[in-house]
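Down below is the structure, laid out as structure tokens.
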Amino acid sequence: MGNRGMEDLIPLVNKLQDAFSSIGQACNLDLPQIAVVGGQSAGKSSVLENFVGRDFLPRGSGIVTRRPLVLQLISATAEWAEFLHCKGKKFTDFDEVRQEIEAETDRVTGGNKGISAVPINLRVYSPHVLNLTLIDLPGITKVPVGDQPVDIEQQIKEMIMQFITRESCLILAVTPANTDLANSDALKMSKDVDPQGTRTIGVITKLDLMDEGTDARDVLENKLLPLRRGYIGVVNRSQKDIDGKKDIKAAMDAERKFFLSHASYRHMAEKMGTPRLQRVLNEQLTNHIRDTLPAFRSKLQSQLLALDKEAEEYRGYRPDDPSRKTKQLLQMVQQFSVDFDKRIEGSGDQVDTVELSGGAKINRIFHERFPFELVKMECDEKEMRREISYAIKNIHGIRTGLFTPDMAFEAIVKKQVIKLKEPCVKCVDMVIQELINTVRQCSNKLECFPRLREETERIVTSHIRDRESRAKDQVLLLIDIQLSYINTNHEDFIGFANAQQRSSQANKSQSSAGNQVIRKGWLTINNISIMKGGAKEYWFVLTAESLSWFKDDEEKEKKYMLPLDNLKVRDVEKSFMSSKHIFCIFNTESRNVYKDNRTLELACDSQDDVESWKSSLLRAGVYPEKTITVESETTTTADNFSMDPQLERKVETIRNLVDSYMAIVNKCIRDLMPKAIMHLMIGNVKDFINAELLAQLYSAGDQNALMDESQEQAQRRDEVLRTHQALKEALAIIGDISTSTITVPVPPPVDTSWMGDQSGARRSPPSSPTASRRMSSGQRPAPRGAPPPPNRPGPLGPFNNTADSPQAPSRPNRAPPSIPSRRPPPSPTRQAPP
């Protein structure tokens, strides 16, 4: 291989990769790509081959790069090449690689100079390379030939820009020594994508092909047309050398000899040539590696810190030690008890910010779901009045009663109280389910001991189920107690005398709460037509009298206000395509609720949000729709009856009395139900876990078998110890690399305004007066005693005269401008070269 600098970097990168692979992570160094940009036949491929150290690119008479070649270098123990279009086929002879590149190029572009933006992907595996990506790009050409399109120049530039715009791409702007540097397309494109010049390196080729008496000294010294990273001159193999199979090492020796023997370059020979270019690129790679080390070190340190405590626990760990098993069993049960208590009672530490915990969900059941279920059991107004009228008539029998009968009131009240059994039992079921879910969540910390977790869940769940029957019996007993005695002397009961004033007082109390805000939040109106924009999310504000929605939570732009009169709420089946949960509001008098819509469909993200909004609507007087059975519908239609004024007054009186008494019962049940469940269920389960769970586990079987760890836990323990040790070693390796590598600072910025405009006349580049005099002299004076050179046009022209152009008709004998300049006579303080 011809690139010793790359070989010096390989051990450094291998250390990093070994450090990361030992902990099962990828070493994402993301080394930069290296793209070679320049005109056609500028020597780009030779520069690329010199950096790789292998002769594998196709060149020769009329052969140029016509497709991008993306060359991936991969470190391996052996050396071979693979093409992406020839998967599975290994090339060990690099002459075959060259032939395959030529054949693949002709397959896509044809044999008549066509080009293509489809890259050829080549991978070279070798023990002498780093994991890098090198890109050989087509040369910029002006005039289409063969099958090339008319806009060939623009196509090639766009193709090049796709690669060099990446921030991780180093740009080698290659310009031949016998062309005009100020008109270099490679430098112009580099300036467009890298205005700071931090990733652009100028490369001057074909220094050995310059006319006699000319040189590029001022350019290579970065005095003429300067770049931030300067220029590096190289001497590539000639076509004769390539045809003669001259290897790269011999070519580099010849290049070294050229710079040492040339009078204009010998003083900077150490800064020229392919080895210098390799060294600069390798310095850039080393800088990149050092820049990535702080992030890697920080990442490893945080991982090490996270594993320190766990690794300390696992050191000296003996899985079969009986004393360890007993101690750990006690710790596990105690931790389970603490976790259960925290989830039920709440805790300031380790607060879950993702979802509600067990205690918070049970609180929602007590104060939102249960009251909502109670209201669902209430009778419809018309049905209630019909039942009261039947009760009154049946109590009087054949006689016409003069007074309102007490027995009708008791019959209706008892019927209403019996209906409370269903929501009470349902409340117990919901709490039990939440307790079981909480037990499962708390047992997650026991997953490293599968049998212990299984037994713990079984014992606690069995106890909860045992308490379920007792809790339900007690709840039903509360209802039976309410049925056993109708206390009409209750202080909150309105009595017969005040029954007639019930309606007016209710209306006054409702109007006084009209401006009270009950709830605010985001909801989605689901039934807006697609023509009008589809479903939209709005900020809703619910008060005791209306439901309003705004554009956002600033509540400045009100979209609509819906009065709550005659509204009810019902569930809507979730759509197959929708992830949201929906409920709707409708008018009981079959009127449009919102614009042309009979219903207003509102969507929430979860069913819990739906239940919460329905409970809030219930507080505002919007009741849920009561499910009407076929039998009741038939009865309703059959019994359209009219009441005489006297009966109607009796019905109204009893209706108000029932409302008053049921409000007392509901208030009592809503208060006693959470207390009964807390005492009989939740408190009892907590006491059982604290006092009896450990004894139950001991009586369940061999406690040593309970503490047999799972296979996953054993693997986890070994992995933690191994990863902890590997992290410490990786940090040590990174520390060694940080102290053994040297960062080369980026050169200071230079004035590159000369690359700003190349479309018209060339701008005058900055240069010293001495350089100007050198460029303006027509030829170099010959050494003393030697005959002057013949007066013929050379490849060189001045750069500091913006009025002159290579094709200016006023000076037909002037040669095209070029990089090199003829040297002036030696100054008194400087000896002329021999």
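Residue numbering restarts at 1 for every chain of the structure tokens, chains are lettered A, B, ... in their displayed order, and ligands are numbered from 1 as they appear.
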Strand (DSSP E or B) call set, DSSP backbone run, segment 63-122 of chain A, as a PyMOL selection string: chain A and resi 63+69-75+80-83+91+120-122
Please write the residues from the selection above to a file, keeping all heavy atoms, as a CSV table (one decimal), in the first residue's frame.
chain,number,residue,atom,x,y,z
A,63,ILE,N,-10.5,7.4,-22.3
A,63,ILE,CA,-11.3,6.8,-21.2
A,63,ILE,C,-11.4,7.8,-20.1
A,63,ILE,O,-10.4,8.3,-19.6
A,63,ILE,CB,-10.7,5.5,-20.7
A,63,ILE,CG1,-10.6,4.5,-21.9
A,63,ILE,CG2,-11.4,5.0,-19.5
A,63,ILE,CD1,-10.0,3.2,-21.5
A,69,LEU,N,-18.2,7.0,-9.1
A,69,LEU,CA,-17.7,5.7,-8.5
A,69,LEU,C,-17.7,6.0,-7.0
A,69,LEU,O,-16.8,6.7,-6.5
A,69,LEU,CB,-16.4,5.4,-9.0
A,69,LEU,CG,-15.7,4.1,-8.4
A,69,LEU,CD1,-16.6,2.9,-8.7
A,69,LEU,CD2,-14.3,3.9,-8.9
A,70,VAL,N,-18.6,5.3,-6.3
A,70,VAL,CA,-18.6,5.4,-4.8
A,70,VAL,C,-17.8,4.2,-4.3
A,70,VAL,O,-18.2,3.1,-4.3
A,70,VAL,CB,-20.0,5.4,-4.2
A,70,VAL,CG1,-20.0,5.5,-2.7
A,70,VAL,CG2,-20.8,6.5,-4.8
A,71,LEU,N,-16.6,4.5,-3.8
A,71,LEU,CA,-15.7,3.5,-3.3
A,71,LEU,C,-15.7,3.4,-1.8
A,71,LEU,O,-15.3,4.4,-1.1
A,71,LEU,CB,-14.3,3.8,-3.8
A,71,LEU,CG,-13.1,2.9,-3.3
A,71,LEU,CD1,-13.3,1.4,-3.8
A,71,LEU,CD2,-11.8,3.4,-3.8
A,72,GLN,N,-16.1,2.3,-1.3
A,72,GLN,CA,-16.2,2.1,0.2
A,72,GLN,C,-15.0,1.2,0.6
A,72,GLN,O,-14.9,0.1,0.1
A,72,GLN,CB,-17.5,1.4,0.6
A,72,GLN,CG,-18.7,2.3,0.4
A,72,GLN,CD,-20.0,1.6,0.8
A,72,GLN,OE1,-20.5,0.8,0.0
A,72,GLN,NE2,-20.5,1.8,2.0
A,73,LEU,N,-14.1,1.8,1.4
A,73,LEU,CA,-13.0,1.0,1.9
A,73,LEU,C,-13.4,0.4,3.3
A,73,LEU,O,-13.9,1.1,4.2
A,73,LEU,CB,-11.8,2.0,2.1
A,73,LEU,CG,-11.3,2.7,0.9
A,73,LEU,CD1,-10.1,3.6,1.2
A,73,LEU,CD2,-11.0,1.7,-0.3
A,74,ILE,N,-13.2,-0.9,3.4
A,74,ILE,CA,-13.6,-1.6,4.6
A,74,ILE,C,-12.4,-2.4,5.2
A,74,ILE,O,-11.8,-3.1,4.4
A,74,ILE,CB,-14.8,-2.5,4.4
A,74,ILE,CG1,-16.0,-1.7,3.8
A,74,ILE,CG2,-15.2,-3.3,5.6
A,74,ILE,CD1,-17.2,-2.5,3.4
A,75,SER,N,-12.2,-2.2,6.5
A,75,SER,CA,-11.0,-2.9,7.1
A,75,SER,C,-11.4,-4.3,7.2
A,75,SER,O,-12.4,-4.7,7.7
A,75,SER,CB,-10.7,-2.2,8.4
A,75,SER,OG,-9.6,-2.9,9.0
A,80,TRP,N,-9.9,-8.0,-1.0
A,80,TRP,CA,-10.6,-8.3,-2.2
A,80,TRP,C,-11.6,-7.2,-2.5
A,80,TRP,O,-11.7,-6.2,-1.7
A,80,TRP,CB,-11.4,-9.6,-2.0
A,80,TRP,CG,-12.6,-9.6,-1.2
A,80,TRP,CD1,-13.9,-9.4,-1.6
A,80,TRP,CD2,-12.7,-9.7,0.3
A,80,TRP,NE1,-14.7,-9.4,-0.5
A,80,TRP,CE2,-14.0,-9.6,0.6
A,80,TRP,CE3,-11.7,-10.0,1.2
A,80,TRP,CZ2,-14.4,-9.7,2.0
A,80,TRP,CZ3,-12.1,-10.1,2.5
A,80,TRP,CH2,-13.4,-10.0,2.9
A,81,ALA,N,-12.3,-7.3,-3.6
A,81,ALA,CA,-13.3,-6.2,-3.9
A,81,ALA,C,-14.6,-6.8,-4.3
A,81,ALA,O,-14.7,-8.0,-4.8
A,81,ALA,CB,-12.7,-5.4,-5.1
A,82,GLU,N,-15.7,-6.1,-4.1
A,82,GLU,CA,-17.0,-6.5,-4.5
A,82,GLU,C,-17.8,-5.3,-5.1
A,82,GLU,O,-17.6,-4.2,-4.6
A,82,GLU,CB,-17.8,-7.0,-3.2
A,82,GLU,CG,-17.4,-8.3,-2.7
A,82,GLU,CD,-18.3,-8.8,-1.6
A,82,GLU,OE1,-19.1,-8.0,-1.1
A,82,GLU,OE2,-18.1,-9.9,-1.1
A,83,PHE,N,-18.6,-5.6,-6.1
A,83,PHE,CA,-19.5,-4.6,-6.6
A,83,PHE,C,-20.9,-4.8,-6.1
A,83,PHE,O,-21.4,-6.0,-5.9
A,83,PHE,CB,-19.5,-4.7,-8.2
A,83,PHE,CG,-18.2,-4.2,-8.8
A,83,PHE,CD1,-17.2,-5.0,-9.1
A,83,PHE,CD2,-18.1,-2.8,-9.1
A,83,PHE,CE1,-16.0,-4.5,-9.7
A,83,PHE,CE2,-17.0,-2.3,-9.6
A,83,PHE,CZ,-15.9,-3.2,-9.9
A,91,PHE,N,-13.6,-10.1,-6.2
A,91,PHE,CA,-12.5,-9.8,-7.2
A,91,PHE,C,-11.2,-9.7,-6.4
A,91,PHE,O,-11.1,-8.8,-5.6
A,91,PHE,CB,-12.8,-8.5,-7.9
A,91,PHE,CG,-14.0,-8.6,-8.8
A,91,PHE,CD1,-15.3,-8.4,-8.3
A,91,PHE,CD2,-13.9,-8.8,-10.2
A,91,PHE,CE1,-16.4,-8.4,-9.1
A,91,PHE,CE2,-15.0,-8.8,-11.0
A,91,PHE,CZ,-16.3,-8.6,-10.5
A,120,ILE,N,-21.7,3.8,-9.5
A,120,ILE,CA,-21.1,2.4,-9.4
A,120,ILE,C,-20.6,2.3,-7.9
A,120,ILE,O,-19.8,3.1,-7.5
A,120,ILE,CB,-20.0,2.2,-10.4
A,120,ILE,CG1,-20.5,2.3,-11.8
A,120,ILE,CG2,-19.4,0.8,-10.2
A,120,ILE,CD1,-19.4,2.2,-12.8
A,121,ASN,N,-21.2,1.3,-7.2
A,121,ASN,CA,-20.8,1.1,-5.8
A,121,ASN,C,-19.8,-0.1,-5.7
A,121,ASN,O,-20.1,-1.2,-6.1
A,121,ASN,CB,-22.0,0.8,-5.0
A,121,ASN,CG,-22.9,2.0,-4.8
A,121,ASN,OD1,-22.7,2.8,-3.9
A,121,ASN,ND2,-23.9,2.1,-5.7
A,122,LEU,N,-18.6,0.3,-5.3
A,122,LEU,CA,-17.5,-0.7,-5.2
A,122,LEU,C,-17.0,-0.7,-3.7
A,122,LEU,O,-16.8,0.3,-3.1
A,122,LEU,CB,-16.3,-0.3,-6.1
A,122,LEU,CG,-15.0,-1.1,-6.0
A,122,LEU,CD1,-15.3,-2.6,-6.3
A,122,LEU,CD2,-13.9,-0.5,-6.9
Residue contacts of segment 698-705 of chain A (8 Å, only C-alpha atoms) excluding same-chain residues fewer than 3 positions away, as a list in words: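 Contacts, with the query itself left out: Pro322, Lys325, Thr326, Arg451, Glu455, Leu694, Ala695 and Asp708 of chain A.
Non-sequential neighbours of Pro749 of chain A (distance at most 10 Å, separation of 4 or more positions within a chain, only C-alpha atoms) are Gln196, Gly197, Thr198, Pro226, Leu227, Arg228 and Arg229 of chain A.
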Just the residues within 12 Å of Val685 of chain A, please, counting only C-alpha atoms, with nothing from its chain fewer than 3 positions along; format it as a tab-separated table (two decimals) with all heavy atoms, in the first residue's frame.
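Dumped to around-v3.tsv:
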chain	number	residue	atom	x	y	z
A	337	SER	N	-45.11	-4.63	49.16
A	337	SER	CA	-46.07	-3.96	50.05
A	337	SER	C	-45.95	-2.44	49.95
A	337	SER	O	-46.95	-1.73	49.88
A	337	SER	CB	-45.83	-4.42	51.49
A	337	SER	OG	-46.67	-3.72	52.38
A	340	PHE	N	-47.38	-1.25	46.57
A	340	PHE	CA	-48.84	-1.28	46.54
A	340	PHE	C	-49.42	-0.11	47.33
A	340	PHE	O	-50.37	0.55	46.89
A	340	PHE	CB	-49.34	-2.62	47.12
A	340	PHE	CG	-50.82	-2.81	47.03
A	340	PHE	CD1	-51.41	-3.29	45.87
A	340	PHE	CD2	-51.64	-2.49	48.11
A	340	PHE	CE1	-52.79	-3.46	45.79
A	340	PHE	CE2	-53.01	-2.65	48.03
A	340	PHE	CZ	-53.59	-3.13	46.86
A	341	ASP	N	-48.85	0.15	48.48
A	341	ASP	CA	-49.33	1.25	49.31
A	341	ASP	C	-49.15	2.59	48.61
A	341	ASP	O	-50.04	3.46	48.66
A	341	ASP	CB	-48.59	1.23	50.65
A	341	ASP	CG	-49.17	2.23	51.63
A	341	ASP	OD1	-50.23	1.93	52.23
A	341	ASP	OD2	-48.60	3.32	51.78
A	344	ILE	N	-51.73	3.08	45.82
A	344	ILE	CA	-53.10	3.33	46.29
A	344	ILE	C	-53.20	4.69	46.98
A	344	ILE	O	-54.08	5.50	46.68
A	344	ILE	CB	-53.55	2.20	47.26
A	344	ILE	CG1	-53.62	0.86	46.50
A	344	ILE	CG2	-54.92	2.54	47.85
A	344	ILE	CD1	-54.61	0.83	45.36
A	432	ILE	N	-62.53	-3.60	42.13
A	432	ILE	CA	-61.81	-4.88	42.19
A	432	ILE	C	-60.88	-5.04	41.00
A	432	ILE	O	-59.71	-5.45	41.14
A	432	ILE	CB	-62.82	-6.05	42.28
A	432	ILE	CG1	-63.47	-6.07	43.65
A	432	ILE	CG2	-62.15	-7.37	41.97
A	432	ILE	CD1	-64.59	-7.06	43.78
A	435	LEU	N	-57.89	-2.92	41.53
A	435	LEU	CA	-56.97	-3.49	42.53
A	435	LEU	C	-56.13	-4.62	41.92
A	435	LEU	O	-54.92	-4.72	42.18
A	435	LEU	CB	-57.77	-4.02	43.72
A	435	LEU	CG	-58.32	-2.98	44.70
A	435	LEU	CD1	-59.19	-3.65	45.76
A	435	LEU	CD2	-57.18	-2.21	45.36
A	436	ILE	N	-56.76	-5.46	41.13
A	436	ILE	CA	-56.02	-6.56	40.49
A	436	ILE	C	-54.97	-6.01	39.53
A	436	ILE	O	-53.83	-6.50	39.47
A	436	ILE	CB	-57.00	-7.50	39.77
A	436	ILE	CG1	-57.88	-8.22	40.80
A	436	ILE	CG2	-56.25	-8.51	38.92
A	436	ILE	CD1	-58.97	-9.08	40.20
A	438	THR	N	-53.48	-3.19	39.82
A	438	THR	CA	-52.42	-2.61	40.65
A	438	THR	C	-51.49	-3.70	41.18
A	438	THR	O	-50.26	-3.52	41.22
A	438	THR	CB	-53.03	-1.83	41.82
A	438	THR	OG1	-53.91	-0.82	41.31
A	438	THR	CG2	-51.96	-1.16	42.66
A	439	VAL	N	-52.05	-4.82	41.57
A	439	VAL	CA	-51.23	-5.94	42.03
A	439	VAL	C	-50.29	-6.41	40.92
A	439	VAL	O	-49.09	-6.66	41.15
A	439	VAL	CB	-52.13	-7.10	42.51
A	439	VAL	CG1	-51.31	-8.37	42.75
A	439	VAL	CG2	-52.86	-6.70	43.78
A	459	ILE	N	-51.95	-15.40	45.42
A	459	ILE	CA	-52.41	-15.26	46.80
A	459	ILE	C	-53.18	-13.95	47.00
A	459	ILE	O	-54.28	-13.94	47.58
A	459	ILE	CB	-51.19	-15.32	47.76
A	459	ILE	CG1	-50.59	-16.73	47.75
A	459	ILE	CG2	-51.59	-14.92	49.17
A	459	ILE	CD1	-49.28	-16.84	48.50
A	460	VAL	N	-52.63	-12.84	46.50
A	460	VAL	CA	-53.29	-11.55	46.70
A	460	VAL	C	-54.59	-11.48	45.92
A	460	VAL	O	-55.62	-10.98	46.41
A	460	VAL	CB	-52.34	-10.39	46.32
A	460	VAL	CG1	-53.04	-9.05	46.50
A	460	VAL	CG2	-51.07	-10.44	47.17
A	461	THR	N	-54.60	-11.99	44.69
A	461	THR	CA	-55.82	-11.95	43.87
A	461	THR	C	-56.91	-12.81	44.49
A	461	THR	O	-58.10	-12.44	44.50
A	461	THR	CB	-55.51	-12.43	42.44
A	461	THR	OG1	-54.49	-11.62	41.88
A	461	THR	CG2	-56.75	-12.34	41.57
A	462	SER	N	-56.52	-13.97	45.03
A	462	SER	CA	-57.51	-14.83	45.70
A	462	SER	C	-58.13	-14.12	46.91
A	462	SER	O	-59.34	-14.22	47.16
A	462	SER	CB	-56.87	-16.13	46.14
A	462	SER	OG	-56.39	-16.85	45.02
A	463	HIS	N	-57.31	-13.39	47.64
A	463	HIS	CA	-57.83	-12.66	48.79
A	463	HIS	C	-58.79	-11.54	48.34
A	463	HIS	O	-59.83	-11.32	48.97
A	463	HIS	CB	-56.68	-12.06	49.59
A	463	HIS	CG	-57.12	-11.31	50.81
A	463	HIS	ND1	-57.57	-11.93	51.95
A	463	HIS	CD2	-57.21	-9.97	51.05
A	463	HIS	CE1	-57.91	-11.02	52.85
A	463	HIS	NE2	-57.70	-9.82	52.33
A	464	ILE	N	-58.44	-10.87	47.23
A	464	ILE	CA	-59.32	-9.82	46.72
A	464	ILE	C	-60.66	-10.41	46.29
A	464	ILE	O	-61.73	-9.85	46.59
A	464	ILE	CB	-58.64	-9.10	45.53
A	464	ILE	CG1	-57.43	-8.29	46.03
A	464	ILE	CG2	-59.63	-8.18	44.82
A	464	ILE	CD1	-56.63	-7.65	44.92
A	465	ARG	N	-60.63	-11.56	45.62
A	465	ARG	CA	-61.88	-12.20	45.22
A	465	ARG	C	-62.70	-12.65	46.43
A	465	ARG	O	-63.94	-12.63	46.41
A	465	ARG	CB	-61.58	-13.40	44.31
A	465	ARG	CG	-61.00	-13.03	42.96
A	465	ARG	CD	-61.95	-12.17	42.17
A	465	ARG	NE	-61.43	-11.83	40.85
A	465	ARG	CZ	-62.02	-10.99	40.03
A	465	ARG	NH1	-63.15	-10.38	40.40
A	465	ARG	NH2	-61.49	-10.72	38.85
A	466	ASP	N	-62.00	-13.06	47.48
A	466	ASP	CA	-62.71	-13.47	48.69
A	466	ASP	C	-63.40	-12.26	49.33
A	466	ASP	O	-64.54	-12.36	49.82
A	466	ASP	CB	-61.73	-14.10	49.67
A	466	ASP	CG	-62.41	-14.50	50.98
A	466	ASP	OD1	-63.32	-15.35	50.93
A	466	ASP	OD2	-62.03	-13.95	52.03
A	467	ARG	N	-62.74	-11.12	49.32
A	467	ARG	CA	-63.34	-9.92	49.88
A	467	ARG	C	-64.43	-9.35	48.98
A	467	ARG	O	-65.28	-8.58	49.46
A	467	ARG	CB	-62.26	-8.85	50.10
A	467	ARG	CG	-61.16	-9.25	51.03
A	467	ARG	CD	-61.65	-9.61	52.41
A	467	ARG	NE	-62.37	-8.50	53.05
A	467	ARG	CZ	-62.91	-8.54	54.25
A	467	ARG	NH1	-62.88	-9.67	54.94
A	467	ARG	NH2	-63.54	-7.50	54.76
A	468	GLU	N	-64.42	-9.74	47.71
A	468	GLU	CA	-65.42	-9.22	46.78
A	468	GLU	C	-66.83	-9.60	47.23
A	468	GLU	O	-67.74	-8.75	47.25
A	468	GLU	CB	-65.14	-9.77	45.37
A	468	GLU	CG	-66.21	-9.39	44.36
A	468	GLU	CD	-65.98	-10.06	43.02
A	468	GLU	OE1	-65.03	-10.87	42.89
A	468	GLU	OE2	-66.75	-9.77	42.09
A	677	ILE	N	-66.33	0.45	50.61
A	677	ILE	CA	-65.33	-0.24	49.77
A	677	ILE	C	-63.93	-0.04	50.34
A	677	ILE	O	-63.11	-0.97	50.35
A	677	ILE	CB	-65.43	0.28	48.32
A	677	ILE	CG1	-66.77	-0.15	47.71
A	677	ILE	CG2	-64.28	-0.24	47.47
A	677	ILE	CD1	-67.02	0.41	46.32
A	678	MET	N	-63.62	1.16	50.80
A	678	MET	CA	-62.30	1.40	51.39
A	678	MET	C	-62.09	0.50	52.61
A	678	MET	O	-61.01	-0.08	52.80
A	678	MET	CB	-62.17	2.87	51.81
A	678	MET	CG	-61.81	3.82	50.68
A	678	MET	SD	-60.17	3.51	49.98
A	678	MET	CE	-59.12	3.78	51.39
A	679	HIS	N	-63.12	0.36	53.44
A	679	HIS	CA	-62.96	-0.44	54.65
A	679	HIS	C	-62.93	-1.94	54.35
A	679	HIS	O	-62.06	-2.67	54.86
A	679	HIS	CB	-64.11	-0.14	55.63
A	679	HIS	CG	-64.10	-1.01	56.84
A	679	HIS	ND1	-63.14	-0.92	57.82
A	679	HIS	CD2	-64.94	-2.01	57.23
A	679	HIS	CE1	-63.37	-1.81	58.76
A	679	HIS	NE2	-64.48	-2.49	58.44
A	680	LEU	N	-63.86	-2.39	53.55
A	680	LEU	CA	-64.00	-3.83	53.33
A	680	LEU	C	-63.04	-4.38	52.28
A	680	LEU	O	-62.71	-5.56	52.31
A	680	LEU	CB	-65.44	-4.14	52.90
A	680	LEU	CG	-66.52	-3.82	53.93
A	680	LEU	CD1	-67.89	-3.97	53.30
A	680	LEU	CD2	-66.37	-4.73	55.15
A	681	MET	N	-62.60	-3.52	51.35
A	681	MET	CA	-61.78	-4.01	50.24
A	681	MET	C	-60.35	-3.47	50.31
A	681	MET	O	-59.40	-4.22	50.59
A	681	MET	CB	-62.41	-3.59	48.91
A	681	MET	CG	-63.71	-4.30	48.60
A	681	MET	SD	-63.46	-6.01	48.12
A	681	MET	CE	-62.33	-5.82	46.77
A	682	ILE	N	-60.20	-2.20	50.10
A	682	ILE	CA	-58.86	-1.63	49.89
A	682	ILE	C	-58.04	-1.69	51.18
A	682	ILE	O	-56.90	-2.18	51.18
A	682	ILE	CB	-58.98	-0.18	49.38
A	682	ILE	CG1	-59.76	-0.17	48.06
A	682	ILE	CG2	-57.61	0.45	49.21
A	682	ILE	CD1	-60.06	1.21	47.53
A	688	PHE	N	-53.68	-7.16	54.62
A	688	PHE	CA	-53.33	-8.55	54.30
A	688	PHE	C	-51.92	-8.63	53.73
A	688	PHE	O	-51.13	-9.51	54.09
A	688	PHE	CB	-54.34	-9.11	53.31
A	688	PHE	CG	-53.99	-10.47	52.79
A	688	PHE	CD1	-54.24	-11.61	53.54
A	688	PHE	CD2	-53.38	-10.63	51.55
A	688	PHE	CE1	-53.91	-12.87	53.07
A	688	PHE	CE2	-53.04	-11.88	51.07
A	688	PHE	CZ	-53.31	-13.00	51.83
A	689	ILE	N	-51.59	-7.71	52.82
A	689	ILE	CA	-50.26	-7.73	52.20
A	689	ILE	C	-49.19	-7.45	53.25
A	689	ILE	O	-48.13	-8.09	53.27
A	689	ILE	CB	-50.20	-6.72	51.05
A	689	ILE	CG1	-51.11	-7.16	49.89
A	689	ILE	CG2	-48.77	-6.55	50.55
A	689	ILE	CD1	-51.21	-6.15	48.76
A	690	ASN	N	-49.45	-6.51	54.14
A	690	ASN	CA	-48.46	-6.15	55.15
A	690	ASN	C	-48.26	-7.26	56.19
A	690	ASN	O	-47.13	-7.51	56.63
A	690	ASN	CB	-48.88	-4.86	55.87
A	690	ASN	CG	-48.74	-3.64	54.97
A	690	ASN	OD1	-47.88	-3.60	54.11
A	690	ASN	ND2	-49.60	-2.66	55.18
A	691	ALA	N	-49.34	-7.92	56.57
A	691	ALA	CA	-49.27	-8.83	57.71
A	691	ALA	C	-49.23	-10.30	57.35
A	691	ALA	O	-48.60	-11.09	58.07
A	691	ALA	CB	-50.47	-8.56	58.65
A	692	GLU	N	-49.88	-10.71	56.28
A	692	GLU	CA	-50.08	-12.13	56.05
A	692	GLU	C	-49.46	-12.67	54.76
A	692	GLU	O	-49.37	-13.89	54.60
A	692	GLU	CB	-51.59	-12.45	56.03
A	692	GLU	CG	-52.31	-12.12	57.33
A	692	GLU	CD	-53.77	-12.53	57.29
A	692	GLU	OE1	-54.06	-13.54	56.62
A	692	GLU	OE2	-54.60	-11.85	57.90
A	693	LEU	N	-49.06	-11.80	53.84
A	693	LEU	CA	-48.55	-12.29	52.55
A	693	LEU	C	-47.32	-13.15	52.73
A	693	LEU	O	-47.19	-14.23	52.12
A	693	LEU	CB	-48.25	-11.10	51.63
A	693	LEU	CG	-47.62	-11.47	50.28
A	693	LEU	CD1	-48.53	-12.41	49.49
A	693	LEU	CD2	-47.33	-10.21	49.46
Pick from A:Gln474, A:Thr133, A:Asn183, A:Gln482, whichever lies nearest to Lys415 of chain A using only C-alpha atoms: A:Gln482
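The closest residue to Glu410 of chain A, picked from A:Leu657, A:Met384, A:Ile34, A:Leu300 and counting only C-alpha atoms, is A:Leu657.
The neighbours of Ile479 of chain A here are the residues that come within 8 Å of it, using only C-alpha atoms and leaving out any residue fewer than 4 positions away in the same chain; they are Val417, Ile418, Leu420, Lys421, Val475 and Leu483 of chain A.
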Counting only C-alpha atoms, the option among A:Glu545, A:Asp605, A:Asp339, A:Glu345 closest to Cys442 of chain A: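 Closest candidate: A:Asp339.
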Nearest-residue call for Thr723 of chain A, choices A:Glu310, A:His262, A:Met407, A:Ile362, using only C-alpha atoms: A:Glu310
Interatomic distance, atom CA of Gln713 of chain A to atom CA of Cys448 of chain A (Å, one decimal): 5.3 Å
Which of A:Ile115, A:Met268, A:Val746, A:Val124 sits closest to Glu153 of chain A [using only C-alpha atoms]: A:Ile115
Point-to-point distance from atom CA of Ala471 of chain A to atom CA of Asp687 of chain A, Å rounded to tenths: 15.8 Å
In segment 204-453 of chain A, DSSP alpha helix (DSSP H) residues written as a PyMOL selection string: chain A and resi 217-220+239-243+248-261+274-314+322-345+358-364+370-376+381-396+406-418+421-442+450-453
Contact residues around Arg385 of chain A with only C-alpha atoms at 8 Å, ignoring same-chain residues under 5 positions, as a PyMOL selection string: chain A and resi 651-652+655
Top pick for closest residue to Leu672 of chain A, considering A:Leu647, A:Val36, A:Leu172, A:Leu478 and counting only C-alpha atoms: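 Checking each of A:Leu647, A:Val36, A:Leu172, A:Leu478 against Leu672 of chain A, counting only C-alpha atoms, the winner is A:Leu478.
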